[in-house]
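So this block is target.txt, compact mmCIF, C-alpha atoms and all ligand atoms:
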# COMPACT_ATOMS: atom_id res chain seq x y z
CA MET A 3 -38.49 -62.11 -6.63
CA HIS A 4 -37.13 -60.50 -9.80
CA GLU A 5 -39.92 -59.63 -12.26
CA LEU A 6 -38.41 -61.81 -15.02
CA LEU A 7 -38.24 -64.78 -12.66
CA ARG A 8 -41.88 -64.19 -11.75
CA LEU A 9 -42.78 -64.00 -15.46
CA ALA A 10 -41.01 -67.32 -16.09
CA PHE A 11 -42.79 -68.98 -13.16
CA GLU A 12 -46.13 -67.71 -14.53
CA HIS A 13 -45.31 -69.80 -17.64
CA GLN A 14 -44.12 -72.86 -15.73
CA ASP A 15 -47.03 -75.04 -16.91
CA GLU A 16 -46.30 -74.13 -20.52
CA VAL A 17 -42.60 -74.96 -20.38
CA VAL A 18 -43.34 -78.24 -18.56
CA GLU A 19 -45.92 -79.13 -21.22
CA TYR A 20 -43.42 -78.49 -24.03
CA ARG A 21 -40.80 -80.52 -22.24
CA ARG A 22 -43.14 -83.48 -21.78
CA TYR A 23 -44.19 -83.36 -25.44
CA PHE A 24 -40.53 -83.58 -26.50
CA HIS A 25 -39.92 -86.27 -23.91
CA ARG A 26 -42.76 -88.43 -25.21
CA HIS A 27 -41.56 -88.06 -28.83
CA PRO A 28 -37.79 -88.56 -28.84
CA GLU A 29 -35.84 -88.64 -32.10
CA VAL A 30 -32.15 -89.51 -32.33
CA ALA A 31 -29.48 -87.61 -34.26
CA PHE A 32 -30.22 -87.02 -37.96
CA GLU A 33 -33.87 -88.08 -37.48
CA GLU A 34 -35.30 -84.95 -35.80
CA LYS A 35 -38.11 -84.42 -38.34
CA GLU A 36 -41.14 -84.43 -36.01
CA THR A 37 -39.29 -82.47 -33.36
CA SER A 38 -38.39 -79.87 -35.94
CA ALA A 39 -41.96 -79.76 -37.29
CA TYR A 40 -43.38 -79.25 -33.79
CA LEU A 41 -40.96 -76.41 -33.04
CA ARG A 42 -41.74 -74.75 -36.38
CA GLN A 43 -45.45 -74.95 -35.70
CA GLN A 44 -45.07 -73.45 -32.21
CA LEU A 45 -42.89 -70.61 -33.52
CA THR A 46 -45.33 -69.86 -36.32
CA GLU A 47 -48.28 -69.81 -33.91
CA ALA A 48 -46.34 -67.41 -31.68
CA GLY A 49 -45.73 -65.10 -34.66
CA ILE A 50 -41.96 -65.60 -34.59
CA ALA A 51 -40.17 -65.60 -37.95
CA TRP A 52 -38.00 -68.64 -38.60
CA LYS A 53 -36.23 -70.40 -41.42
CA PRO A 54 -35.09 -73.98 -41.85
CA VAL A 55 -31.38 -74.76 -41.97
CA GLY A 56 -31.64 -78.45 -42.88
CA ASP A 57 -33.51 -79.96 -39.94
CA ALA A 58 -32.19 -77.14 -37.78
CA ILE A 59 -34.26 -74.02 -37.18
CA LEU A 60 -33.13 -70.44 -36.98
CA ALA A 61 -35.75 -68.10 -35.51
CA GLU A 62 -35.32 -64.34 -35.46
CA ILE A 63 -36.75 -61.70 -33.13
CA ASN A 64 -35.83 -58.08 -33.76
CA GLY A 65 -35.76 -55.70 -30.81
CA GLU A 66 -37.69 -52.47 -31.27
CA LYS A 67 -35.77 -50.28 -28.87
CA PRO A 68 -33.62 -47.77 -30.80
CA SER A 69 -29.86 -48.17 -30.45
CA SER A 70 -26.78 -46.68 -32.09
CA ASP A 71 -24.88 -49.94 -31.57
CA PRO A 72 -27.30 -52.88 -31.92
CA LYS A 73 -25.96 -56.33 -31.01
CA THR A 74 -26.89 -59.82 -32.11
CA LEU A 75 -27.31 -62.57 -29.52
CA VAL A 76 -27.74 -66.24 -30.43
CA LEU A 77 -29.41 -68.59 -27.93
CA ARG A 78 -28.96 -72.26 -28.76
CA ALA A 79 -30.72 -75.51 -27.88
CA ASP A 80 -29.95 -79.04 -29.06
CA MET A 81 -32.73 -81.37 -30.25
CA ASP A 82 -31.67 -85.01 -30.33
CA ALA A 83 -32.45 -87.95 -28.06
CA LEU A 84 -30.46 -91.15 -27.51
CA PRO A 85 -30.91 -94.79 -28.60
CA ILE A 86 -31.83 -95.86 -25.06
CA LYS A 87 -34.92 -97.79 -23.87
CA GLU A 88 -36.51 -95.67 -21.15
CA GLU A 89 -37.00 -97.28 -17.71
CA THR A 90 -38.19 -94.34 -15.62
CA GLY A 91 -41.83 -95.38 -15.33
CA LEU A 92 -42.85 -91.73 -15.74
CA PRO A 93 -46.44 -91.08 -16.91
CA TYR A 94 -45.02 -89.05 -19.81
CA CYS A 95 -42.23 -91.49 -20.69
CA SER A 96 -40.99 -92.11 -24.22
CA GLU A 97 -43.58 -93.40 -26.68
CA VAL A 98 -40.87 -94.52 -29.09
CA GLU A 99 -39.40 -97.95 -28.37
CA GLY A 100 -35.64 -97.82 -27.83
CA LYS A 101 -35.33 -94.03 -27.90
CA MET A 102 -35.22 -91.61 -25.00
CA HIS A 103 -34.37 -88.03 -24.15
CA ALA A 104 -31.76 -89.08 -21.61
CA CYS A 105 -29.46 -86.07 -21.87
CA GLY A 106 -31.97 -83.30 -21.15
CA HIS A 107 -32.21 -81.89 -24.68
CA ASP A 108 -36.01 -82.02 -24.24
CA LEU A 109 -35.62 -79.49 -21.41
CA HIS A 110 -33.23 -77.39 -23.50
CA MET A 111 -35.75 -77.05 -26.36
CA ALA A 112 -38.68 -76.35 -24.02
CA MET A 113 -36.79 -73.58 -22.23
CA LEU A 114 -35.59 -71.91 -25.41
CA LEU A 115 -39.02 -72.08 -27.04
CA THR A 116 -40.71 -70.57 -23.96
CA ALA A 117 -38.03 -67.91 -23.57
CA GLY A 118 -38.33 -67.03 -27.27
CA LYS A 119 -42.08 -66.57 -27.00
CA LEU A 120 -41.73 -64.38 -23.91
CA LEU A 121 -38.95 -62.30 -25.47
CA ASN A 122 -41.09 -61.86 -28.59
CA GLY A 123 -43.55 -60.13 -26.27
CA LEU A 124 -40.78 -57.98 -24.79
CA LYS A 125 -39.48 -56.67 -28.15
CA THR A 126 -39.89 -53.04 -27.16
CA GLU A 127 -37.53 -53.58 -24.22
CA PHE A 128 -34.42 -54.53 -26.17
CA SER A 129 -32.59 -53.48 -29.30
CA GLY A 130 -30.62 -55.48 -31.83
CA LYS A 131 -31.37 -59.02 -32.90
CA LEU A 132 -32.13 -62.20 -31.03
CA LEU A 133 -31.59 -65.49 -32.89
CA LEU A 134 -32.86 -68.80 -31.58
CA ALA A 135 -30.84 -71.72 -32.93
CA PHE A 136 -32.42 -75.17 -32.57
CA GLN A 137 -29.74 -77.63 -33.59
CA PRO A 138 -29.95 -81.36 -34.37
CA ALA A 139 -27.38 -84.13 -33.86
CA GLU A 140 -25.52 -82.86 -30.82
CA GLU A 141 -24.86 -86.39 -29.58
CA MET A 142 -22.86 -87.03 -32.77
CA VAL A 143 -20.98 -83.76 -32.03
CA CYS A 144 -21.53 -82.54 -35.58
CA GLY A 145 -24.99 -80.91 -35.70
CA ALA A 146 -23.71 -77.51 -34.62
CA HIS A 147 -20.91 -77.58 -37.17
CA ASP A 148 -23.32 -78.59 -39.96
CA MET A 149 -25.76 -75.79 -39.06
CA ILE A 150 -23.04 -73.14 -38.95
CA GLU A 151 -21.59 -74.36 -42.26
CA ALA A 152 -25.02 -74.33 -43.92
CA ASP A 153 -25.90 -70.75 -42.98
CA PRO A 154 -23.65 -67.77 -42.29
CA PHE A 155 -25.73 -66.45 -39.36
CA MET A 156 -22.88 -66.79 -36.86
CA ASP A 157 -20.69 -64.41 -38.89
CA SER A 158 -22.65 -61.41 -37.59
CA ALA A 159 -23.30 -62.72 -34.05
CA ASP A 160 -21.81 -60.81 -31.13
CA TYR A 161 -22.64 -63.38 -28.44
CA VAL A 162 -23.83 -66.97 -28.21
CA ILE A 163 -25.24 -68.58 -25.08
CA GLY A 164 -26.39 -72.12 -24.31
CA THR A 165 -27.36 -74.18 -21.29
CA HIS A 166 -26.97 -77.83 -20.34
CA VAL A 167 -28.92 -79.31 -17.44
CA MET A 168 -26.80 -81.23 -14.91
CA THR A 169 -27.99 -83.16 -11.86
CA ASP A 170 -24.75 -82.66 -9.93
CA LEU A 171 -25.91 -79.11 -9.17
CA PRO A 172 -29.16 -78.66 -7.22
CA THR A 173 -32.28 -77.18 -8.78
CA GLY A 174 -32.29 -73.45 -8.20
CA THR A 175 -28.61 -73.02 -8.99
CA ILE A 176 -26.66 -72.23 -12.14
CA GLY A 177 -23.06 -73.32 -12.61
CA LEU A 178 -20.67 -70.87 -14.25
CA ARG A 179 -17.06 -71.31 -15.18
CA LYS A 180 -14.53 -69.15 -16.98
CA GLY A 181 -12.39 -71.03 -19.53
CA GLY A 182 -12.56 -74.77 -20.14
CA LEU A 183 -15.87 -76.34 -19.08
CA PHE A 184 -16.33 -79.46 -21.29
CA PHE A 185 -13.46 -81.39 -22.85
CA GLY A 186 -12.86 -81.34 -26.57
CA GLY A 187 -12.04 -84.53 -28.42
CA GLU A 188 -10.46 -85.82 -31.60
CA ARG A 189 -10.08 -89.27 -33.12
CA PHE A 190 -6.84 -90.55 -34.59
CA GLN A 191 -6.02 -93.47 -36.86
CA ILE A 192 -2.43 -94.66 -37.13
CA TYR A 193 -1.01 -96.59 -40.09
CA ILE A 194 2.38 -98.29 -39.82
CA ASP A 195 3.97 -99.86 -42.86
CA GLY A 196 6.83 -102.36 -42.83
CA LYS A 197 7.51 -105.49 -44.85
CA GLU A 198 6.09 -108.99 -44.45
CA GLY A 199 8.41 -111.91 -43.89
CA HIS A 200 8.61 -115.51 -42.75
CA GLY A 201 8.06 -115.85 -39.02
CA ALA A 202 11.28 -117.87 -38.78
CA ARG A 203 13.36 -115.31 -40.73
CA PRO A 204 12.73 -111.96 -39.02
CA HIS A 205 15.91 -110.43 -40.47
CA THR A 206 14.30 -110.49 -43.92
CA ALA A 207 11.22 -108.54 -42.74
CA THR A 208 10.40 -105.15 -41.23
CA ASP A 209 8.05 -105.89 -38.36
CA ALA A 210 5.16 -103.39 -38.20
CA LEU A 211 3.67 -105.15 -35.17
CA LEU A 212 6.85 -104.57 -33.16
CA ALA A 213 6.89 -100.90 -34.17
CA GLY A 214 3.22 -100.57 -33.23
CA SER A 215 3.85 -102.18 -29.84
CA ALA A 216 6.61 -99.71 -29.12
CA LEU A 217 4.33 -96.89 -30.23
CA VAL A 218 1.61 -97.89 -27.74
CA MET A 219 4.19 -97.58 -24.97
CA ASN A 220 5.88 -94.43 -26.29
CA ALA A 221 2.56 -92.61 -26.72
CA GLN A 222 2.11 -92.63 -22.95
CA SER A 223 4.97 -90.16 -22.63
CA LEU A 224 2.65 -87.57 -24.23
CA LEU A 225 0.86 -87.28 -20.92
CA ALA A 226 3.60 -88.40 -18.54
CA ARG A 227 6.35 -86.14 -19.90
CA GLU A 228 4.89 -83.50 -22.22
CA THR A 229 1.72 -82.35 -20.46
CA ASP A 230 1.80 -79.85 -17.61
CA ALA A 231 0.69 -81.59 -14.40
CA PHE A 232 -1.83 -78.77 -13.88
CA ASP A 233 -3.29 -79.24 -17.36
CA SER A 234 -5.76 -82.01 -18.16
CA ALA A 235 -5.61 -84.25 -21.19
CA VAL A 236 -6.25 -87.82 -22.30
CA CYS A 237 -4.60 -89.87 -25.03
CA THR A 238 -5.92 -93.40 -25.36
CA ILE A 239 -5.10 -95.99 -28.00
CA CYS A 240 -8.20 -98.18 -28.20
CA THR A 241 -7.57 -100.67 -31.00
CA PHE A 242 -4.45 -102.36 -32.42
CA GLN A 243 -4.69 -104.64 -35.44
CA ALA A 244 -1.68 -106.36 -37.03
CA GLY A 245 -0.70 -109.71 -38.48
CA SER A 246 -2.68 -112.55 -40.00
CA ALA A 247 -0.92 -115.81 -39.19
CA CYS A 248 1.33 -117.31 -36.51
CA ASN A 249 4.23 -117.71 -38.93
CA VAL A 250 4.04 -114.48 -40.92
CA ILE A 251 5.62 -111.24 -39.72
CA ALA A 252 3.14 -108.37 -39.96
CA GLY A 253 3.91 -105.94 -42.76
CA SER A 254 1.41 -103.36 -41.56
CA ALA A 255 -0.37 -102.27 -38.39
CA TYR A 256 -3.43 -100.16 -37.68
CA LEU A 257 -4.20 -98.42 -34.41
CA ASN A 258 -6.85 -95.94 -33.43
CA GLY A 259 -7.87 -93.96 -30.38
CA THR A 260 -8.89 -90.59 -29.03
CA THR A 261 -7.45 -87.50 -27.43
CA ARG A 262 -9.35 -85.24 -25.00
CA PHE A 263 -8.30 -81.73 -24.05
CA LEU A 264 -9.53 -78.48 -22.52
CA ASN A 265 -8.12 -75.96 -24.95
CA GLU A 266 -6.74 -75.54 -28.45
CA PRO A 267 -3.05 -75.23 -27.45
CA ARG A 268 -3.28 -78.60 -25.65
CA ARG A 269 -5.09 -80.16 -28.61
CA ASN A 270 -2.40 -78.95 -30.98
CA ALA A 271 0.40 -80.09 -28.67
CA LEU A 272 -1.11 -83.60 -28.46
CA LYS A 273 -1.39 -83.77 -32.25
CA THR A 274 2.12 -82.53 -32.93
CA SER A 275 3.60 -84.90 -30.37
CA LEU A 276 1.67 -88.00 -31.44
CA ASP A 277 2.55 -87.27 -35.08
CA ARG A 278 6.22 -87.02 -34.12
CA ILE A 279 6.28 -90.08 -31.83
CA THR A 280 4.50 -92.17 -34.49
CA GLU A 281 6.86 -91.14 -37.26
CA MET A 282 10.02 -91.54 -35.18
CA THR A 283 9.03 -94.79 -33.49
CA ALA A 284 8.12 -96.35 -36.83
CA GLN A 285 11.42 -95.12 -38.26
CA ALA A 286 13.40 -96.60 -35.37
CA PHE A 287 12.12 -100.04 -36.43
CA GLY A 288 12.68 -99.46 -40.14
CA CYS A 289 8.99 -98.78 -40.81
CA THR A 290 7.02 -95.69 -41.79
CA GLY A 291 4.16 -94.35 -39.73
CA ARG A 292 1.50 -91.67 -40.13
CA VAL A 293 -1.51 -90.38 -38.18
CA ASP A 294 -4.86 -89.31 -39.66
CA TRP A 295 -7.02 -87.06 -37.47
CA ASP A 296 -10.81 -86.61 -37.68
CA HIS A 297 -14.05 -86.34 -35.66
CA TYR A 298 -12.77 -83.20 -33.98
CA VAL A 299 -14.94 -81.27 -31.55
CA PRO A 300 -13.42 -78.29 -29.74
CA ALA A 301 -13.50 -77.93 -25.97
CA VAL A 302 -16.30 -75.80 -24.54
CA GLU A 303 -14.25 -72.83 -23.44
CA ASN A 304 -16.09 -69.92 -21.89
CA ASP A 305 -15.07 -66.39 -22.82
CA ALA A 306 -13.58 -64.43 -19.90
CA GLU A 307 -15.35 -61.16 -20.70
CA MET A 308 -18.69 -62.96 -21.00
CA ASP A 309 -18.05 -64.71 -17.69
CA GLU A 310 -18.17 -61.31 -16.00
CA LEU A 311 -21.26 -60.20 -17.92
CA VAL A 312 -23.13 -63.44 -17.20
CA ARG A 313 -22.25 -63.45 -13.48
CA LYS A 314 -23.44 -59.86 -13.11
CA SER A 315 -26.62 -60.46 -15.11
CA LEU A 316 -27.65 -63.70 -13.37
CA GLY A 317 -26.58 -62.45 -9.94
CA GLY A 318 -29.15 -59.70 -10.42
CA LEU A 319 -31.78 -62.30 -11.30
CA LEU A 320 -31.20 -65.08 -8.80
CA GLY A 321 -28.89 -63.62 -6.17
CA SER A 322 -25.21 -64.52 -5.90
CA GLU A 323 -25.92 -67.53 -3.63
CA ALA A 324 -27.64 -69.30 -6.56
CA LEU A 325 -24.54 -69.02 -8.74
CA ARG A 326 -22.08 -71.89 -8.31
CA GLU A 327 -18.62 -72.52 -9.66
CA ALA A 328 -19.23 -75.25 -12.26
CA PRO A 329 -16.82 -78.19 -12.23
CA GLN A 330 -15.04 -79.31 -15.38
CA TYR A 331 -16.72 -82.15 -17.27
CA THR A 332 -14.79 -84.71 -19.34
CA VAL A 333 -17.78 -85.04 -21.72
CA SER A 334 -17.92 -83.00 -24.93
CA ASP A 335 -20.65 -80.78 -26.40
CA ASP A 336 -20.67 -79.36 -29.89
CA PHE A 337 -21.83 -75.98 -28.56
CA SER A 338 -18.10 -75.33 -28.85
CA TRP A 339 -18.48 -74.88 -32.63
CA PHE A 340 -20.65 -71.82 -31.93
CA GLN A 341 -17.98 -70.51 -29.57
CA MET A 342 -15.38 -70.82 -32.32
CA LYS A 343 -17.34 -68.15 -34.23
CA THR A 344 -17.92 -65.50 -31.57
CA LYS A 345 -17.84 -64.81 -27.84
CA GLY A 346 -19.69 -67.71 -26.28
CA TYR A 347 -20.82 -68.92 -22.91
CA TYR A 348 -22.18 -72.30 -21.87
CA MET A 349 -24.00 -72.49 -18.54
CA VAL A 350 -24.80 -75.48 -16.39
CA LEU A 351 -28.38 -75.45 -15.11
CA GLY A 352 -28.76 -77.35 -11.84
CA CYS A 353 -31.54 -79.98 -12.06
CA GLY A 354 -30.55 -82.26 -9.18
CA ASN A 355 -32.94 -83.05 -6.34
CA GLY A 356 -30.92 -85.65 -4.44
CA ASP A 357 -32.55 -88.58 -6.26
CA GLU A 358 -29.31 -90.45 -6.97
CA ALA A 359 -31.07 -93.43 -8.60
CA HIS A 360 -32.19 -91.17 -11.47
CA ALA A 361 -29.30 -88.73 -11.62
CA SER A 362 -27.11 -90.20 -14.39
CA PRO A 363 -27.60 -88.76 -17.88
CA HIS A 364 -27.28 -91.24 -20.79
CA THR A 365 -28.96 -93.98 -18.69
CA PRO A 366 -32.50 -95.45 -18.95
CA GLN A 367 -33.29 -94.16 -15.43
CA PHE A 368 -32.41 -90.49 -15.98
CA ILE A 369 -34.95 -88.02 -14.53
CA PRO A 370 -33.90 -84.37 -14.38
CA ASP A 371 -35.90 -82.19 -11.97
CA GLU A 372 -38.38 -80.11 -13.99
CA GLY A 373 -38.21 -77.47 -11.26
CA CYS A 374 -35.18 -76.11 -13.12
CA LEU A 375 -37.25 -75.13 -16.18
CA PRO A 376 -38.52 -71.67 -15.09
CA ILE A 377 -35.06 -70.81 -13.80
CA GLY A 378 -33.55 -71.67 -17.17
CA VAL A 379 -36.23 -69.63 -18.96
CA ALA A 380 -35.69 -66.64 -16.67
CA SER A 381 -31.92 -66.81 -17.18
CA TYR A 382 -32.42 -66.55 -20.96
CA LEU A 383 -34.77 -63.58 -20.50
CA LYS A 384 -32.38 -61.75 -18.21
CA LEU A 385 -29.29 -62.42 -20.32
CA ALA A 386 -31.07 -61.40 -23.53
CA LEU A 387 -32.31 -58.13 -22.06
CA ASP A 388 -28.94 -57.33 -20.48
CA LEU A 389 -26.76 -58.23 -23.46
CA LEU A 390 -29.00 -56.57 -26.03
CA ASN A 391 -29.22 -53.31 -24.10
ZN ZN B 1 -25.59 -86.30 -24.18
ZN ZN B 2 -26.45 -83.20 -23.93
Please go through the file and, once you have read it, give me the structure as structure tokens.
Amino acid sequence: MHELLRLAFEHQDEVVEYRRYFHRHPEVAFEEKETSAYLRQQLTEAGIAWKPVGDAILAEINGEKPSSDPKTLVLRADMDALPIKEETGLPYCSEVEGKMHACGHDLHMAMLLTAGKLLNGLKTEFSGKLLLAFQPAEEMVCGAHDMIEADPFMDSADYVIGTHVMTDLPTGTIGLRKGGLFFGGERFQIYIDGKEGHGARPHTATDALLAGSALVMNAQSLLARETDAFDSAVCTICTFQAGSACNVIAGSAYLNGTTRFLNEPRRNALKTSLDRITEMTAQAFGCTGRVDWDHYVPAVENDAEMDELVRKSLGGLLGSEALREAPQYTVSDDFSWFQMKTKGYYMVLGCGNGDEAHASPHTPQFIPDEGCLPIGVASYLKLALDLLN
């Protein structure tokens, strides 16, 4: 067994205890006060310097090994739970009615805290700077963006690494993937303007409802005719509101929906095309149309150079048989905002033990296998020592 893996297993009880504390005290996005206070206290007790960035925490550990080219590595964990009533029956289940760590962020925090403490004790074995970023509000896909906007720490970062637990990979394995791992997403709102008229005299009106109907159909050509069959994307119109009475022609229409994509070029292509189809379709019916875009989160896209570094580093820790090719996930994760700033890599930590009844994240029954915790800790130790040396 690799010495760092042994070290992590020696601290298994500690990481499990942290995880269960977080699990018993879940806080949802924008409410992570107690969680933040607990982390701050633990970091202080461990003698690790930290500063608040809103409710987020940025801890700093400086390596003491001399180097002519010191690097900065950021390790990130998310902090928020979900508004779900826990039904696992676990002895350490949520003590907060209607809230639950059902996405594994409790494991993420416990692993990063434990790894940080161990790396603080290994300062003489690496150079450069290690930053621990504990970030709120991941489930609203904005906490990462807010933290990065509030503090310029990412401007000097060379690498950023994060982990998400996933039950579709067995405990003991880590899923790696070069390029797109999690989908990005963006919301759109469409406004079509025409002119009201009497329902019996359509020639005096400009029917926005008719233009909107055509737009719903035409938008499907984005995927059917403009997206490479080997690329993956989604464009869904989810609401359509127009008209107010059975004898009045609608003078305006409102539609909204979402796009999902695996990379920036696809995102931009979807935007450009939907803008064009909206404008032109509205025009064809004598109306005007425009699209407003917001709630953007980039796809989690893993850097190719880091893919090589991470595979080599973790292969040396766990053996190549423990490294799996991660699938692509249609969910999003705002870790991508960190990756927009520097070379970034998101790993998938296997926490599945064949218990299908408790395998679905974002459900009241979710139980990730805690056996993954020392493996996650060890992976942080190994990556930190390799990338900072
Ligand atoms: Zn989640
Ligand atoms: Zn999550």
Please return as a short mmCIF file (atom, residue, chain, number, x, y, z; two decimals) with C-alpha atoms, in the frame of the given file the residues found within 9 Å of ligand ZN 2 (chain B), counting all atoms listed in the file.
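The resulting file, part17.cif, is reproduced below:
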data_model
loop_
_atom_site.label_atom_id
_atom_site.label_comp_id
_atom_site.auth_asym_id
_atom_site.auth_seq_id
_atom_site.Cartn_x
_atom_site.Cartn_y
_atom_site.Cartn_z
CA ASP A 80 -29.95 -79.04 -29.06
CA ASP A 82 -31.67 -85.01 -30.33
CA ALA A 83 -32.45 -87.95 -28.06
CA ALA A 104 -31.76 -89.08 -21.61
CA CYS A 105 -29.46 -86.07 -21.87
CA GLY A 106 -31.97 -83.30 -21.15
CA HIS A 107 -32.21 -81.89 -24.68
CA HIS A 110 -33.23 -77.39 -23.50
CA GLU A 140 -25.52 -82.86 -30.82
CA GLU A 141 -24.86 -86.39 -29.58
CA HIS A 166 -26.97 -77.83 -20.34
CA VAL A 167 -28.92 -79.31 -17.44
CA SER A 334 -17.92 -83.00 -24.93
CA ASP A 335 -20.65 -80.78 -26.40
CA PRO A 363 -27.60 -88.76 -17.88
CA HIS A 364 -27.28 -91.24 -20.79
#
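The space between atom CA of Gly352 of chain A and atom CA of Thr173 of chain A spans 4.7 Å.
Among the candidates A:Ala31, A:Cys95, A:Leu264, A:Leu7, the residue lying nearest to Pro366 of chain A is A:Cys95 (atoms considered: all atoms listed in the file).
The smallest atom-to-atom distance between Leu109 of chain A and any of A:Leu60, A:Val18, A:Leu319, A:Leu183, using all atoms listed in the file, is found for A:Val18.
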**Q.** Closest of A:Gln285, A:Thr238, A:Asn249, A:Asn122 to Gly49 of chain A - atom-to-atom distances counting all atoms listed in the file
**A.** A:Asn122
Q) Near Leu387 of chain A, within 9 Å and counting all atoms listed in the file, which residues show up once chain neighbours fewer than 2 positions away are dropped, as number ranges by chain? A) A: 121, 124, 127-129, 382-385, 389-391
Q. Could you name the residues that touch segment 297-300 of chain A at 8 Å or less, counting only C-alpha atoms, but leaving out those on the same chain fewer than 4 positions away, as a VMD selection string?
A. chain A and resid 143 to 144 185 to 189 265 to 266 334 to 336 338 to 339
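Proximity of A:Ala79, A:Leu84, A:Ala359, A:Cys353 to ligand ZN 1 (chain B), computed with only C-alpha atoms and all ligand atoms, is greatest for A:Leu84.
The residue that comes closest to Ala226 of chain A, out of A:Leu325, A:Val293, A:Val55, A:Leu272 and on the basis of only C-alpha atoms, is A:Leu272.
The residue that comes closest to Lys119 of chain A, out of A:Met149, A:Ile86, A:Leu41, A:Val98 and on the basis of all atoms listed in the file, is A:Leu41.
A straight line drawn from atom CA of Arg313 of chain A to atom CA of Leu115 of chain A is 23.2 Å long.
Coordinates place atom CA of Trp295 of chain A at a distance of 16.6 Å from atom CA of Ala255 of chain A.
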Q: Using all atoms listed in the file, collect all residues at a distance of at most 9 Å from (-36.9, -79.0, -20.4) as written in the file, then present them as a PyMOL selection string.
A: chain A and resi 17-18+20-22+24-25+106-114+167+370+372+374-375+378
Coordinate excerpt as a PDB file, in the first residue's frame: segment 206-218 of chain A, N, CA and C atoms:
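To be explicit, this is the file written out as part.pdb:
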ATOM      1  N   THR A 206     -56.507  42.179 -38.948  1.00  0.00           N
ATOM      2  CA  THR A 206     -56.183  43.485 -38.344  1.00  0.00           C
ATOM      3  C   THR A 206     -55.134  43.349 -37.243  1.00  0.00           C
ATOM      4  N   ALA A 207     -54.729  42.119 -36.929  1.00  0.00           N
ATOM      5  CA  ALA A 207     -53.812  41.871 -35.811  1.00  0.00           C
ATOM      6  C   ALA A 207     -52.494  41.288 -36.320  1.00  0.00           C
ATOM      7  N   THR A 208     -51.514  41.190 -35.409  1.00  0.00           N
ATOM      8  CA  THR A 208     -50.287  40.449 -35.707  1.00  0.00           C
ATOM      9  C   THR A 208     -50.139  39.426 -34.591  1.00  0.00           C
ATOM     10  N   ASP A 209     -50.392  38.185 -34.906  1.00  0.00           N
ATOM     11  CA  ASP A 209     -50.608  37.142 -33.900  1.00  0.00           C
ATOM     12  C   ASP A 209     -49.291  36.626 -33.306  1.00  0.00           C
ATOM     13  N   ALA A 210     -48.988  37.041 -32.066  1.00  0.00           N
ATOM     14  CA  ALA A 210     -47.747  36.597 -31.413  1.00  0.00           C
ATOM     15  C   ALA A 210     -47.814  35.133 -31.007  1.00  0.00           C
ATOM     16  N   LEU A 211     -49.024  34.634 -30.747  1.00  0.00           N
ATOM     17  CA  LEU A 211     -49.184  33.235 -30.351  1.00  0.00           C
ATOM     18  C   LEU A 211     -48.833  32.306 -31.524  1.00  0.00           C
ATOM     19  N   LEU A 212     -49.254  32.715 -32.715  1.00  0.00           N
ATOM     20  CA  LEU A 212     -48.939  31.911 -33.909  1.00  0.00           C
ATOM     21  C   LEU A 212     -47.434  31.897 -34.156  1.00  0.00           C
ATOM     22  N   ALA A 213     -46.802  33.058 -34.000  1.00  0.00           N
ATOM     23  CA  ALA A 213     -45.345  33.138 -34.186  1.00  0.00           C
ATOM     24  C   ALA A 213     -44.629  32.282 -33.145  1.00  0.00           C
ATOM     25  N   GLY A 214     -45.121  32.337 -31.902  1.00  0.00           N
ATOM     26  CA  GLY A 214     -44.516  31.539 -30.835  1.00  0.00           C
ATOM     27  C   GLY A 214     -44.655  30.056 -31.103  1.00  0.00           C
ATOM     28  N   SER A 215     -45.827  29.650 -31.612  1.00  0.00           N
ATOM     29  CA  SER A 215     -46.053  28.232 -31.919  1.00  0.00           C
ATOM     30  C   SER A 215     -45.067  27.751 -32.968  1.00  0.00           C
ATOM     31  N   ALA A 216     -44.890  28.567 -33.985  1.00  0.00           N
ATOM     32  CA  ALA A 216     -43.939  28.207 -35.040  1.00  0.00           C
ATOM     33  C   ALA A 216     -42.523  28.139 -34.463  1.00  0.00           C
ATOM     34  N   LEU A 217     -42.233  29.031 -33.540  1.00  0.00           N
ATOM     35  CA  LEU A 217     -40.897  29.048 -32.940  1.00  0.00           C
ATOM     36  C   LEU A 217     -40.621  27.760 -32.154  1.00  0.00           C
ATOM     37  N   VAL A 218     -41.622  27.277 -31.417  1.00  0.00           N
ATOM     38  CA  VAL A 218     -41.434  26.029 -30.658  1.00  0.00           C
ATOM     39  C   VAL A 218     -41.028  24.909 -31.614  1.00  0.00           C
TER      40      VAL A 218
END
